[in-house]
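Below is one structure, written out as C-alpha cells; comments come after it.
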Amino acid sequence: MTATLFELLTEAQSKLSKPDARRESELILAEICGISRSQQLIHPDQVLSQNQRQQFDSALKRRIAGEPLAYITGSRGFWDMDLKVSPEVLIPRPDTECLVEHALARIPVDASWQIADLGTGSGAIALALARERPQCEIIATDLSMAALVIAEENARLQDTKNISFAAGPWLQPIKNRLFEMIVCNPPYIPADDPHLKQGDLPAEPEHALISGSDGLDALRQIIPDSVTHLKAGGFLLLEHGFDQASEVTRLMQLAGYCEIFTEKDYGSNDRVTGGEIQEKGRS
Ligand SMILES: C[S@@+](CC[C@H](N)C(=O)[O-])C[C@H]1O[C@@H](n2cnc3c(N)ncnc32)[C@H](O)[C@@H]1O
C-alpha cells in the first residue's frame with residue numbers, strides 16, 4: 001500500500017494493457033485523486049493517502065472492466081470546456097467539434113440568430129455555439145430528460161445564459177419557432193454494426209447511437225421536418241456516419257435544400273453535411 005506515484009502508474013499501465021494506458025492512469029490519478037499531471041511529473045516519489053489509494057484502485061478496476069474513462073471521471077473535454085457526463089449521455093467526440101467549426105464559419109460574429117441543437121445530449125454543441133456567439137439564442141432539445149438534466153448542469157457550470165432547453169422528439173418541442181440555423185448530431189449507427197461492441201460504445205445509451213437498420217431513421221425524419229422551421233437563408237448542419245454523406249445529400253436535395261456541402265472530420269472521413277433553405281416554409 002506504500003507504492004510511489006511512479007510505481008503505481010507503472011503497475012496500472014501494465015494492468016490496463018492498452019495503447020494509451022499510461023495517459024489514462026495519469027488521468028485517473030489527476031481527476032479522481034486530485035494529483036495533477038504536472039504534480040505527478042514533479043513528485044514521482046509521492047505516496048497516496050489511504051483514501052486516495054482506495055479511490056485509485058476502485059477507478060482502475062472499473063476501467064479494466066471496460067467502463068469508459070469519461071464515465072469514471074465524470075467529465076470529458078469538448079471545445080474549450082470540461083463537460084460533465086454520465087452514462088445517460090453520449091461521451092462528446094472530438095469529431096463533433098468539426099460540426100461546431102462549420103456552423104461557426106456560417107454565423108457572423110455579431111449575429112443575433114435563433115439556433116436549435118437537436119438531440120443535445122451533454123449540451124456539447126449547443127454550449128460551444130452559445131459561448132462563441134454570445135448574442136445568439138440557442139435552444140437545445142432532447143428526448144431524454146436525464147440528458148437534459150446533465151446539459152442544464154453544464155450550462156450552469158459554464159455560466160452560459162444564452163441557452164435554453166426543451167424536452168421531446170427532435171423538432172416537436174420547438175414546433176412553432178423559426179431558426180436561422182439548426183444543428184444536429186443524431187444517432188446514426190446501424191443496429192447490427194459490429195462497432196457497437198467495441199470501445200466505449202457498449203456502455204453508452206443505445207438511443208444516442210442506433211437509428212434503425214441502416215442508421216438513417218433519425219436523419220430521414222429530421223431533414224424534411226427541419227425545412228419548415230428555418231427562415232429563408234437558414235442552414236441545416238448534420239453530423240453523420242463516414243459512409244452516409246451521399247444519402248444525406250440526396251435526402252437534403254429531396255427536401256428542397258440547396259448549396260449542399262459535405263465536410264471531413266479530423267480522420268479525413270465525410271462527417272458533416274449541410275445546406276441552406278432559400279424559401280421560407282418549403283416542405
Ligand atoms: C449522437 S447523440 C449526440 C449528443 C450530443 N449532441 C453530442 O454531439 O455529443 C444523439 C442524441 O439524440 C438524442 N435523441 C435520440 N432520439 C431522439 C429523438 N427521437 N428526439 C430527440 N432526441 C433524440 C439522444 O438522447 C442523444 O442525446
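Going by the C-alpha cells order, chains are called A, B, ..., each with residues numbered from 1, while ligands are numbered from 1 in the order shown.
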Point to revise | Nearby residues, ligand 1, 6 Å, only C-alpha atoms and all ligand atoms, as an MDAnalysis selection string | key: chainID A and resid 89:90 92 96 119:122 124:125 142:144 168:170 185:187 207:209
request  = Please identify which residues in segment 39-246 of chain A DSSP calls strand (DSSP E or B) from the backbone, and express them as a PyMOL selection string.
outcome  = chain A and resi 47+75-78+81-84+114-118+137-142+163-167+179-184+189+210+230-239
Practice prompt. Within segment 26-232 of chain A, find each residue whose DSSP state, derived from the backbone, is helix (DSSP H, G or I), and express the selection as an MDAnalysis selection string.
Written response: chainID A and resid 26:31 37:42 50:64 69:73 96:104 124:132 145:157 172:174 194:197 201:203 206:208 217:229
As a VMD selection string, please: the residues near Ile28 of chain A (cut-off 8 Å, only C-alpha atoms, same-chain neighbours under 4 positions excluded). chain A and resid 24 32 to 33 56 59 to 60 73
For the residues selected in the previous step, produce a file with all heavy atoms as a CSV table (one decimal), in the first residue's frame.
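Here's the written file part00.csv:
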```csv
chain,number,residue,atom,x,y,z
A,24,GLU,N,-4.2,7.3,-19.5
A,24,GLU,CA,-5.4,7.0,-18.8
A,24,GLU,C,-5.1,6.9,-17.3
A,24,GLU,O,-5.9,7.4,-16.4
A,24,GLU,CB,-6.1,5.8,-19.3
A,24,GLU,CG,-6.7,6.0,-20.7
A,24,GLU,CD,-7.8,5.0,-21.0
A,24,GLU,OE1,-8.1,4.1,-20.2
A,24,GLU,OE2,-8.4,5.1,-22.1
A,32,ILE,N,-9.5,11.7,-10.2
A,32,ILE,CA,-10.1,11.0,-9.1
A,32,ILE,C,-9.4,11.3,-7.8
A,32,ILE,O,-10.0,11.5,-6.8
A,32,ILE,CB,-10.1,9.5,-9.4
A,32,ILE,CG1,-10.8,9.1,-10.7
A,32,ILE,CG2,-10.7,8.7,-8.2
A,32,ILE,CD1,-12.3,9.2,-10.7
A,33,CYS,N,-8.0,11.3,-7.9
A,33,CYS,CA,-7.3,11.5,-6.6
A,33,CYS,C,-6.8,13.0,-6.4
A,33,CYS,O,-6.2,13.3,-5.4
A,33,CYS,CB,-6.1,10.6,-6.6
A,33,CYS,SG,-6.5,8.9,-6.9
A,56,PHE,N,-8.2,5.4,-6.2
A,56,PHE,CA,-7.4,5.0,-7.4
A,56,PHE,C,-7.7,3.5,-7.8
A,56,PHE,O,-8.0,3.2,-9.0
A,56,PHE,CB,-5.9,5.2,-7.2
A,56,PHE,CG,-5.1,5.0,-8.4
A,56,PHE,CD1,-5.0,5.9,-9.5
A,56,PHE,CD2,-4.4,3.8,-8.6
A,56,PHE,CE1,-4.2,5.6,-10.6
A,56,PHE,CE2,-3.6,3.5,-9.7
A,56,PHE,CZ,-3.6,4.4,-10.7
A,59,ALA,N,-11.2,3.0,-9.2
A,59,ALA,CA,-11.4,3.6,-10.6
A,59,ALA,C,-10.7,2.7,-11.6
A,59,ALA,O,-11.2,2.4,-12.7
A,59,ALA,CB,-10.8,5.0,-10.6
A,60,LEU,N,-9.5,2.3,-11.2
A,60,LEU,CA,-8.7,1.4,-12.2
A,60,LEU,C,-9.5,0.1,-12.4
A,60,LEU,O,-9.5,-0.4,-13.6
A,60,LEU,CB,-7.3,1.1,-11.6
A,60,LEU,CG,-6.4,0.4,-12.5
A,60,LEU,CD1,-6.0,1.2,-13.7
A,60,LEU,CD2,-5.1,0.0,-11.7
A,73,THR,N,-14.5,9.3,-14.5
A,73,THR,CA,-14.0,10.6,-14.0
A,73,THR,C,-15.2,11.6,-14.0
A,73,THR,O,-15.2,12.6,-13.3
A,73,THR,CB,-13.0,11.2,-14.9
A,73,THR,OG1,-13.5,11.4,-16.2
A,73,THR,CG2,-11.7,10.4,-15.0
```
In Å and to one decimal, atom CA of Arg177 of chain A is distant from atom CA of His229 of chain A by 6.3 Å
Compile a residue-level contact table for segment 48-142 of chain A against segment 3-15 of chain A at a cut-off of 12 Å, reporting for every qualifying residue the shortest atom pair and its distance in Å to one decimal, with only C-alpha atoms counted, rows ordered by chain and ascending number, as a tab-separated table.
```
residue	atom	partner	partner_atom	distance
A:Leu48	CA	A:Leu5	CA	7.4
A:Ser49	CA	A:Ala3	CA	10.5
A:Gln50	CA	A:Ala3	CA	11.1
A:Gln52	CA	A:Leu5	CA	11.3
A:Arg53	CA	A:Ala3	CA	9.4
A:Phe56	CA	A:Leu8	CA	9.4
A:Asp57	CA	A:Ala12	CA	8.9
A:Ser58	CA	A:Ala12	CA	11.7
A:Ala59	CA	A:Ala12	CA	10.7
A:Leu60	CA	A:Ala12	CA	7.3
A:Lys61	CA	A:Lys15	CA	9.3
A:Arg62	CA	A:Lys15	CA	11.9
A:Arg63	CA	A:Lys15	CA	10.1
A:Ile64	CA	A:Lys15	CA	7.5
A:Ala65	CA	A:Lys15	CA	11.0
```
Write the residues you've just listed into a file as an mmCIF file, in the first residue's frame, and include C-alpha atoms for each of them.
```cif
data_model
loop_
_atom_site.group_PDB
_atom_site.id
_atom_site.type_symbol
_atom_site.label_atom_id
_atom_site.label_comp_id
_atom_site.auth_asym_id
_atom_site.auth_seq_id
_atom_site.Cartn_x
_atom_site.Cartn_y
_atom_site.Cartn_z
ATOM 1 C CA LEU A 48 -1.019 8.404 -1.858
ATOM 2 C CA SER A 49 -3.085 8.677 1.323
ATOM 3 C CA GLN A 50 -5.118 5.576 2.161
ATOM 4 C CA GLN A 52 -6.641 8.311 -2.396
ATOM 5 C CA ARG A 53 -5.233 4.815 -2.885
ATOM 6 C CA PHE A 56 -7.414 4.999 -7.434
ATOM 7 C CA ASP A 57 -7.758 1.200 -7.100
ATOM 8 C CA SER A 58 -11.529 1.320 -7.450
ATOM 9 C CA ALA A 59 -11.391 3.590 -10.552
ATOM 10 C CA LEU A 60 -8.715 1.412 -12.157
ATOM 11 C CA LYS A 61 -10.823 -1.704 -11.515
ATOM 12 C CA ARG A 62 -13.810 -0.090 -13.261
ATOM 13 C CA ARG A 63 -11.645 0.909 -16.218
ATOM 14 C CA ILE A 64 -10.166 -2.594 -16.506
ATOM 15 C CA ALA A 65 -13.762 -3.930 -16.510
#
```
